[in-house]
Structure formats: structure tokens, C-alpha cells
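Below is one structure, written out as C-alpha cells; comments come after it.
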Amino acid sequence: MGNEKAFTIEKNDFGRLLEHLLKKYRVFGPTQRGLDATFNEIKTNDQLFLDYVSTVLPPKKFFHPPRLELFSFDLHQKHVKIEEIKQDEKTLLLGIHPCDVHALLRLDDFFLGEFQDPYYQNRRKNTVLVALNCIEPSDYAFCNSMGTGPFLEEGYDLLLTDIGTKYLIEIGSDTGQNILKGIQLENATTADFTEKNHRFKLLEKRFKRFINTSWLSKIAQENIDHEVWERLGEQGGVSGSLPCLSCGQCSLVCPTCYCYDVYDTLDLSLKKGKRIRELDSCQLLEYGEVAQGGNFRPNRKDRIRHWMLCKLGVAAGGQQSSCVGCGRCIRTCPVGIDITEVAKVLRGE
Amino acid sequence: MSNDLKPHMAIVKDITIENSNTKTYVLEFADKQQHKNFTWDPGQFMMLSLFGVGEAALSISNIPEDGLISTTIRAVGNVTKKIKELKKGDTLGMRGPYGTGWPIKEAKGKNILLIAGGMGLAPLRGVINHIAIKRNNFGHLEIIYGARTPNDMIFTNQFRDWYQIEKSRLDLTVDGIPPGTPWEGKIGLVTSCFPAMKTRPQNSVALVCGPEVMMRFVAKCLETIGFKENQIFLSLERRMKCGIGKCGHCQLGPKYVCKDGPVFPYRDIKPYINPL
């Protein structure tokens, strides 16, 4: 990436950049909520929390919302009137970390491949990504092992890197270039890039979790009868964890878990209603239900195995729903299940 | 862009009662153009919507005459119980067809063995009718159909026609007979019809649809008598929420039942249905 396409801005001057962005977009970014960080709407600079480590929920919530209204219907006429519910607002996502950008790139492949999902596409098309390279890995992250962090190489419109008192701003797309029109910024120097590389090298050494990905998908695929699944699902646990509770939190916080449920709601008139889709989880018993009380994954073992295999890239979603190493599932799991430990056991380490 | 998740209105043109809990509905898209453009393969399915109740995946159960779509529905879930209340002329939402159907092209020139259990005959009826019409394109046709009781059978009024199909054999069996029900066929699981089966593995394909546990046993028995894994095709059931490989509910190992199936060569899914 050439220096000519990069700029810098002093940290204490960042408000000027934000104001510039707010002129054109609704901006969402990391904010501090208690001890956690979450993505929220940003109206002023003091709301921004760019030094965050990880957010509770991934930015998936903006593109594949936990609950989404698909269309409304009106039953007054025999020929039911169906109207798609659209969202066309221009938004900008500020401060999204590399692992989460990679997760979006995978969801792009998933939702925009065969059978395009217009709801995802609309949101994605209308959202600018201003990514932010990580400052510090979370205790749970292993993006470095997955090739999805802690620094980003692709998928951004603009990319920020904390290089001390300044942010380095790199341009990744025409949209990114256009956004910066009309704002005065310092040109980046070779020293700025040297500092970026230096920080990357330091950061790489600070990871606490690793996963050996070599042949991992293949190993997982060939081990669907491994005893680790019994330990994970029913008895024993893995590396100090307890067996899975099937609570589904891992799916909720996973940036690549895409599964959803669909249902209808009616208002009090019983004549008007909406079709809703809501995030679902393969960990929940109801997920595998079929007619007449049948269930294709009646045991916790079946369900946790399915999730793990999905994250290791060998379920139906393939690489598109696989793990980006953000570590959110490890952090949120109430019984301490750790996918990096499961991978070690599968490998026989 | 087009929205695959948005249903189109369809009209109920006709209803046939199959048994106490099952009816066949003949449906037509309200939009004439869409109705004209509709093409499908036997074994594919439609997503039917009753707005305010929900959506369900249901297999197409007949060759459409003039684009009319037949689907045979047993009232067992929220949506299907409401569908049962529909009358001629009523409307509902419909989208599709989806999925990969039976390998009719590959089956050309071969002997066809159809094994169905209960409602599993519905997605196979299209195949039977297709073979009856293009009789010279196929070898011997053998249909083995089992149900829990004679009262659970569907398409009983067509059995007489099927008996008349040239170079064919129809064998019926039930698990049990409620007192007072007349029954002249066999008693036992579908696999109990195997000893009398005419079809031999050579130059044959087996198309199987029914409860998954039945299909597992049928596939195993067929393998035992010499059928190869790629000569056996199974149609699976899952509760699909989208029909287009996005909601995740129908995942089976590395496959989506809605998109890659519902009809699979046994070879492709054997590791995922046998131990599980």
C-alpha cells in the first residue's frame, strides 16, 4: 500500500474526522457500556471508545439483525397484500476490528452467492466500513492463528491504525477515497508505516490463544465419532470445561453464525401482520425438530458437535460460516468450552 | 433485485381427500405469467404460506397439468393444520420450486424400484406418473408401499391405475390393521416385501422416501442384496425455514437438504444418517 494513498490525524483532533463523517452518514461505533464495549450509534466524539478490545456482540447485528421484519401482509383482501420492509439508510461502521471484517467477508460470500438475500445485500451496500486495527488482543482471541487479524489487509473502505498520538488512515476503496474529500488531513510518512509495522510485530507476540489450522477441517471431518464430542456434550468436559448447556450463547455472539428462524406475527386486528426472521442456534433443541415430534439432533452431543464442525468449516456453510478467531464464544460460554482446546484434542495433542 | 423469501399468491383450484388427515391440493399461481413459466422436477418442493400462521416446505406430488401444482399434505403441524381448513377458491402464499429432485434423466433405460413409507409416496407420485406416460423410456417398474394402517395410505384411488401399468408390480404392506378394517395386502414393514421383490440390482435404481428410520433400514437391506450406494436415492425431510440454503435448519453434515437435496444419492449422505 503506497504512502500517497494514506493520511494521518492526531488523536485529539479525531472529532473533526467524525464530524465530517456524520455529515453524510449515520455513524455506528464502539461505545463503553459498563465493563464491556458495544456497537452503538455515535453522535459525538466523546461517545466513541476506540481503545476497545472486543465487543459483546459482533457487528453482524447491523447486517443480519437478531430480529428482522421481512415483509408486512394485509389480510383484508383475499389477494393478500405483501409489502417488503426495506432499509435504505446510509450508514457508516466506525472502528470495526479485522476479525469482524473477515467475518463480514465470509457472510458476503454466504448471503450474496447463490440465492442472494436482499435484506443483507441492502444493508451491506449501504454501509461504509471504517476498520480499526487492534491495539491489544483480547484474552480469548486467536485471530492471528486464523489469518484474520490483528491487522487487516482487505475488505475495508478506510482503515485506521493507532500509531501513538495519531491514527494512520489507509484507503481501501473508491468509497473510502470519496469519504475523505473535503477534509484536511496530514499525508502519511514512511515513519508512520514503520511505526505501524513495529506495532504489528509487538502485537503478534501478545496472543494467549492459538489454534493449529493445518489440515484442521479435514481432521474434524474425519473425527465425527471422536470421544471428545461425548465429553463436550454429555460428560467430562474438555480441558477444565463442563459439558455444554445448550444455551446457544456461542451462536449469538459468533460473527459468522447465520442460522435463523422464521415466524409470523399478527396485530390485534388479526388482519395485519409481519413475517419475522430471528437469529436461531443449532444448540437449541427446537432447531432440529421436524413433523410429529421428530428431532434430528436430540442430544447435546449432536448439537455441540454440529456447531464445532461448522466453525471448523466442515458443515454446510463451509468456510463461509467458519471461525475467525474473535474468541467471543470462549468468553461468553458459561461452562468454559474453548474451541482452541477442542481443536487440540481432535488433533491428539 | 428479486426477493426469494417473498411468497406469491396462489389459489386452491381443487381438493381431494386422501384419508382422515391428508388431502391433496391443486394450486395455481394467481399471476398468469408465473403460472405459465412454472417448471419443476418430481421430488422438488414448494414453500407454502398461510399469512399469520407461518410457512412450511411441502413436496410437489404430481405432474402439473397446465401448470397446476399438486401437493399432498397431512395435517400435523401449525401450518398444515390450518391448510386443512382451506376450501376451493381460497388463497395462500406460495414460492418455489426448490431443491434437487429425483434423478429421472439418469434413470432412463433402467429398472425402477420405488419404496415408499406413509406420506413418502407423495414426492414419488410424480415419478410414477412420468414413467406411466413415457413407459418405453424405462425398464421394469416396481412399487413397494407401506403405511402404518390401511387408513394411513394415500393415493389409494390410483392403485388400480398403477396395477395396469405395463411391466410393473405394486406391492402393499401395513404395520397393522385396526379391527374392522378390510385389508388384502401384506402385514409387516416395507422390508418384509423384499423377498418377493422382482427388481435385481443390475441396471436398476432404487428411489426411496419415507420416515428416516425406515430409509436407513431399506438402504441397508438394498446394499445387502447388491445395490451400490450410487444406485440408491433417498428423499429426506427437514423443517426448512427458507428453502434456499440460508436458514441453516436442514443442514446434514456438509449438505443442505433444501438445496443439495431433498433427494440425495445414498453415497453422499450415508455417514451422516447412519450413526446419527
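Letters for chains follow the order of the C-alpha cells (A, B, ...), residue numbers begin at 1 for each chain, and ligand numbers begin at 1 in the order shown.
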Wanna dump the chain B-chain A contacts at 7 Å for me, each residue with its shortest atom pair and the distance in Å to one decimal, counting only C-alpha atoms, ordered by chain and number, as a Markdown table?
```
| residue | atom | partner | partner_atom | distance |
| --- | --- | --- | --- | --- |
| B:Met1 | CA | A:Pro118 | CA | 6.8 |
| B:Asn3 | CA | A:Pro118 | CA | 6.1 |
| B:Met9 | CA | A:His79 | CA | 6.6 |
| B:Phe51 | CA | A:Asp264 | CA | 6.9 |
| B:Gly52 | CA | A:Asp264 | CA | 5.1 |
| B:Val53 | CA | A:Asp264 | CA | 6.0 |
| B:Gly54 | CA | A:Asp264 | CA | 5.5 |
| B:Val76 | CA | A:Gln292 | CA | 6.4 |
| B:Gly77 | CA | A:Ala291 | CA | 6.5 |
| B:Thr91 | CA | A:Lys78 | CA | 6.5 |
| B:Arg238 | CA | A:Val290 | CA | 5.8 |
| B:Arg239 | CA | A:Val290 | CA | 5.2 |
| B:Lys241 | CA | A:Val262 | CA | 6.0 |
| B:Ile244 | CA | A:Phe115 | CA | 6.5 |
| B:Lys246 | CA | A:Cys259 | CA | 6.9 |
| B:Cys247 | CA | A:Cys259 | CA | 4.7 |
| B:Gly248 | CA | A:Cys259 | CA | 4.9 |
| B:His249 | CA | A:Tyr287 | CA | 6.3 |
| B:Gln251 | CA | A:Ala316 | CA | 5.9 |
| B:Gly253 | CA | A:Ala315 | CA | 5.3 |
| B:Pro254 | CA | A:Ala316 | CA | 3.9 |
| B:Lys255 | CA | A:Ala316 | CA | 4.7 |
| B:Tyr256 | CA | A:Ala316 | CA | 5.9 |
```
Query - range 52-65 of chain A environment, 6 Å, only C-alpha atoms, sequence neighbours closer than 3 positions dropped, as a ChimeraX atom specification - result: /A:37-38,49,68,120,123,138,253,255
Keeping only C-alpha atoms, write those residues as a PDB file, in the first residue's frame.
```pdb
ATOM      1  CA  ALA A  37     -17.880  -2.444  24.710  1.00  0.00           C
ATOM      2  CA  THR A  38     -20.835  -2.482  22.327  1.00  0.00           C
ATOM      3  CA  PHE A  49     -14.444   4.094  22.588  1.00  0.00           C
ATOM      4  CA  LEU A  68     -35.648  -8.583  11.311  1.00  0.00           C
ATOM      5  CA  TYR A 120     -28.394  -8.492   3.823  1.00  0.00           C
ATOM      6  CA  ARG A 123     -27.635  -3.255   4.449  1.00  0.00           C
ATOM      7  CA  SER A 138      -8.386  -9.941  23.938  1.00  0.00           C
ATOM      8  CA  VAL A 253     -22.058 -13.901  19.750  1.00  0.00           C
ATOM      9  CA  PRO A 255     -19.793 -13.214  13.891  1.00  0.00           C
TER      10      PRO A 255
END
```
Query raised in the report: Could you name the residues that touch range 126-140 of chain B at 8 Å or less, counting only C-alpha atoms, but leaving out those on the same chain fewer than 5 positions away, as an MDAnalysis selection string?
Result: chainID B and resid 42:43 60:63 102 104 107:112 165:168 199
What's around Val238 in chain A at 12 Å? Count only C-alpha atoms, leave out sequence neighbours fewer than 2 positions away in its own chain, and write the answer as a PDB file with N, CA and C atoms, in the first residue's frame.
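out17.pdb was written with the following content:
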```pdb
ATOM      1  N   GLU A 227     -14.310 -39.326  20.690  1.00  0.00           N
ATOM      2  CA  GLU A 227     -14.878 -39.316  22.046  1.00  0.00           C
ATOM      3  C   GLU A 227     -15.022 -37.900  22.614  1.00  0.00           C
ATOM      4  N   VAL A 228     -14.337 -36.930  22.019  1.00  0.00           N
ATOM      5  CA  VAL A 228     -14.410 -35.563  22.543  1.00  0.00           C
ATOM      6  C   VAL A 228     -15.842 -35.024  22.495  1.00  0.00           C
ATOM      7  N   TRP A 229     -16.615 -35.488  21.534  1.00  0.00           N
ATOM      8  CA  TRP A 229     -17.989 -34.970  21.413  1.00  0.00           C
ATOM      9  C   TRP A 229     -18.840 -35.423  22.596  1.00  0.00           C
ATOM     10  N   GLU A 230     -18.638 -36.661  23.008  1.00  0.00           N
ATOM     11  CA  GLU A 230     -19.348 -37.179  24.179  1.00  0.00           C
ATOM     12  C   GLU A 230     -18.963 -36.371  25.414  1.00  0.00           C
ATOM     13  N   ARG A 231     -17.678 -36.106  25.547  1.00  0.00           N
ATOM     14  CA  ARG A 231     -17.208 -35.318  26.702  1.00  0.00           C
ATOM     15  C   ARG A 231     -17.771 -33.909  26.667  1.00  0.00           C
ATOM     16  N   LEU A 232     -17.804 -33.310  25.489  1.00  0.00           N
ATOM     17  CA  LEU A 232     -18.311 -31.945  25.348  1.00  0.00           C
ATOM     18  C   LEU A 232     -19.810 -31.868  25.591  1.00  0.00           C
ATOM     19  N   GLY A 233     -20.517 -32.888  25.117  1.00  0.00           N
ATOM     20  CA  GLY A 233     -21.967 -32.806  25.142  1.00  0.00           C
ATOM     21  C   GLY A 233     -22.597 -33.387  26.389  1.00  0.00           C
ATOM     22  N   GLU A 234     -22.010 -34.455  26.919  1.00  0.00           N
ATOM     23  CA  GLU A 234     -22.710 -35.171  27.989  1.00  0.00           C
ATOM     24  C   GLU A 234     -21.934 -35.249  29.292  1.00  0.00           C
ATOM     25  N   GLN A 235     -20.697 -35.659  29.215  1.00  0.00           N
ATOM     26  CA  GLN A 235     -19.991 -35.916  30.463  1.00  0.00           C
ATOM     27  C   GLN A 235     -18.498 -35.693  30.317  1.00  0.00           C
ATOM     28  N   GLY A 236     -17.912 -35.006  31.279  1.00  0.00           N
ATOM     29  CA  GLY A 236     -16.462 -34.892  31.320  1.00  0.00           C
ATOM     30  C   GLY A 236     -15.921 -33.517  31.012  1.00  0.00           C
ATOM     31  N   GLY A 240     -10.926 -28.759  31.432  1.00  0.00           N
ATOM     32  CA  GLY A 240     -11.453 -28.000  32.563  1.00  0.00           C
ATOM     33  C   GLY A 240     -12.837 -27.426  32.362  1.00  0.00           C
ATOM     34  N   SER A 241     -13.405 -27.594  31.162  1.00  0.00           N
ATOM     35  CA  SER A 241     -14.771 -27.091  30.975  1.00  0.00           C
ATOM     36  C   SER A 241     -15.763 -28.124  31.494  1.00  0.00           C
ATOM     37  N   LEU A 242     -16.986 -27.683  31.681  1.00  0.00           N
ATOM     38  CA  LEU A 242     -18.068 -28.618  31.978  1.00  0.00           C
ATOM     39  C   LEU A 242     -18.745 -28.954  30.649  1.00  0.00           C
ATOM     40  N   PRO A 243     -19.615 -29.970  30.629  1.00  0.00           N
ATOM     41  CA  PRO A 243     -20.312 -30.251  29.373  1.00  0.00           C
ATOM     42  C   PRO A 243     -21.239 -29.095  28.983  1.00  0.00           C
ATOM     43  N   CYS A 244     -21.501 -29.014  27.702  1.00  0.00           N
ATOM     44  CA  CYS A 244     -22.317 -27.949  27.118  1.00  0.00           C
ATOM     45  C   CYS A 244     -23.709 -27.890  27.753  1.00  0.00           C
ATOM     46  N   VAL A 335     -19.888 -22.485  30.702  1.00  0.00           N
ATOM     47  CA  VAL A 335     -19.196 -23.643  31.268  1.00  0.00           C
ATOM     48  C   VAL A 335     -17.735 -23.734  30.814  1.00  0.00           C
ATOM     49  N   GLY A 336     -17.283 -22.722  30.110  1.00  0.00           N
ATOM     50  CA  GLY A 336     -15.869 -22.647  29.778  1.00  0.00           C
ATOM     51  C   GLY A 336     -15.404 -23.507  28.616  1.00  0.00           C
ATOM     52  N   ILE A 337     -16.284 -23.750  27.653  1.00  0.00           N
ATOM     53  CA  ILE A 337     -15.851 -24.513  26.468  1.00  0.00           C
ATOM     54  C   ILE A 337     -15.016 -23.608  25.568  1.00  0.00           C
ATOM     55  N   ASP A 338     -13.888 -24.168  25.125  1.00  0.00           N
ATOM     56  CA  ASP A 338     -12.903 -23.392  24.385  1.00  0.00           C
ATOM     57  C   ASP A 338     -12.580 -24.124  23.086  1.00  0.00           C
ATOM     58  N   ILE A 339     -12.943 -23.527  21.972  1.00  0.00           N
ATOM     59  CA  ILE A 339     -12.768 -24.194  20.670  1.00  0.00           C
ATOM     60  C   ILE A 339     -11.289 -24.504  20.397  1.00  0.00           C
ATOM     61  N   THR A 340     -10.386 -23.685  20.921  1.00  0.00           N
ATOM     62  CA  THR A 340      -8.956 -23.951  20.671  1.00  0.00           C
ATOM     63  C   THR A 340      -8.517 -25.226  21.390  1.00  0.00           C
ATOM     64  N   GLU A 341      -9.120 -25.476  22.561  1.00  0.00           N
ATOM     65  CA  GLU A 341      -8.799 -26.715  23.300  1.00  0.00           C
ATOM     66  C   GLU A 341      -9.413 -27.928  22.594  1.00  0.00           C
ATOM     67  N   VAL A 342     -10.631 -27.739  22.083  1.00  0.00           N
ATOM     68  CA  VAL A 342     -11.290 -28.833  21.360  1.00  0.00           C
ATOM     69  C   VAL A 342     -10.444 -29.219  20.137  1.00  0.00           C
ATOM     70  N   ALA A 343      -9.921 -28.198  19.459  1.00  0.00           N
ATOM     71  CA  ALA A 343      -9.091 -28.461  18.279  1.00  0.00           C
ATOM     72  C   ALA A 343      -7.852 -29.270  18.659  1.00  0.00           C
ATOM     73  N   LYS A 344      -7.266 -28.938  19.812  1.00  0.00           N
ATOM     74  CA  LYS A 344      -6.077 -29.681  20.270  1.00  0.00           C
ATOM     75  C   LYS A 344      -6.411 -31.149  20.508  1.00  0.00           C
ATOM     76  N   VAL A 345      -7.554 -31.379  21.168  1.00  0.00           N
ATOM     77  CA  VAL A 345      -7.937 -32.773  21.456  1.00  0.00           C
ATOM     78  C   VAL A 345      -8.168 -33.538  20.147  1.00  0.00           C
ATOM     79  N   LEU A 346      -8.845 -32.877  19.187  1.00  0.00           N
ATOM     80  CA  LEU A 346      -9.104 -33.532  17.900  1.00  0.00           C
ATOM     81  C   LEU A 346      -7.807 -33.921  17.208  1.00  0.00           C
TER      82      LEU A 346
END
```
Report task. Between CA of Arg16 in chain A and CA of Ile171 in chain A, measure the distance and give it in Å to one decimal. Result ->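 Computing the Euclidean distance for CA of Arg16 in chain A and CA of Ile171 in chain A yields 18.0 Å.
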Report summary line: From the list A:Cys134, A:Leu202, A:Ile304, A:Leu18, the nearest residue to Thr44 in chain A using only C-alpha atoms is A:Leu18
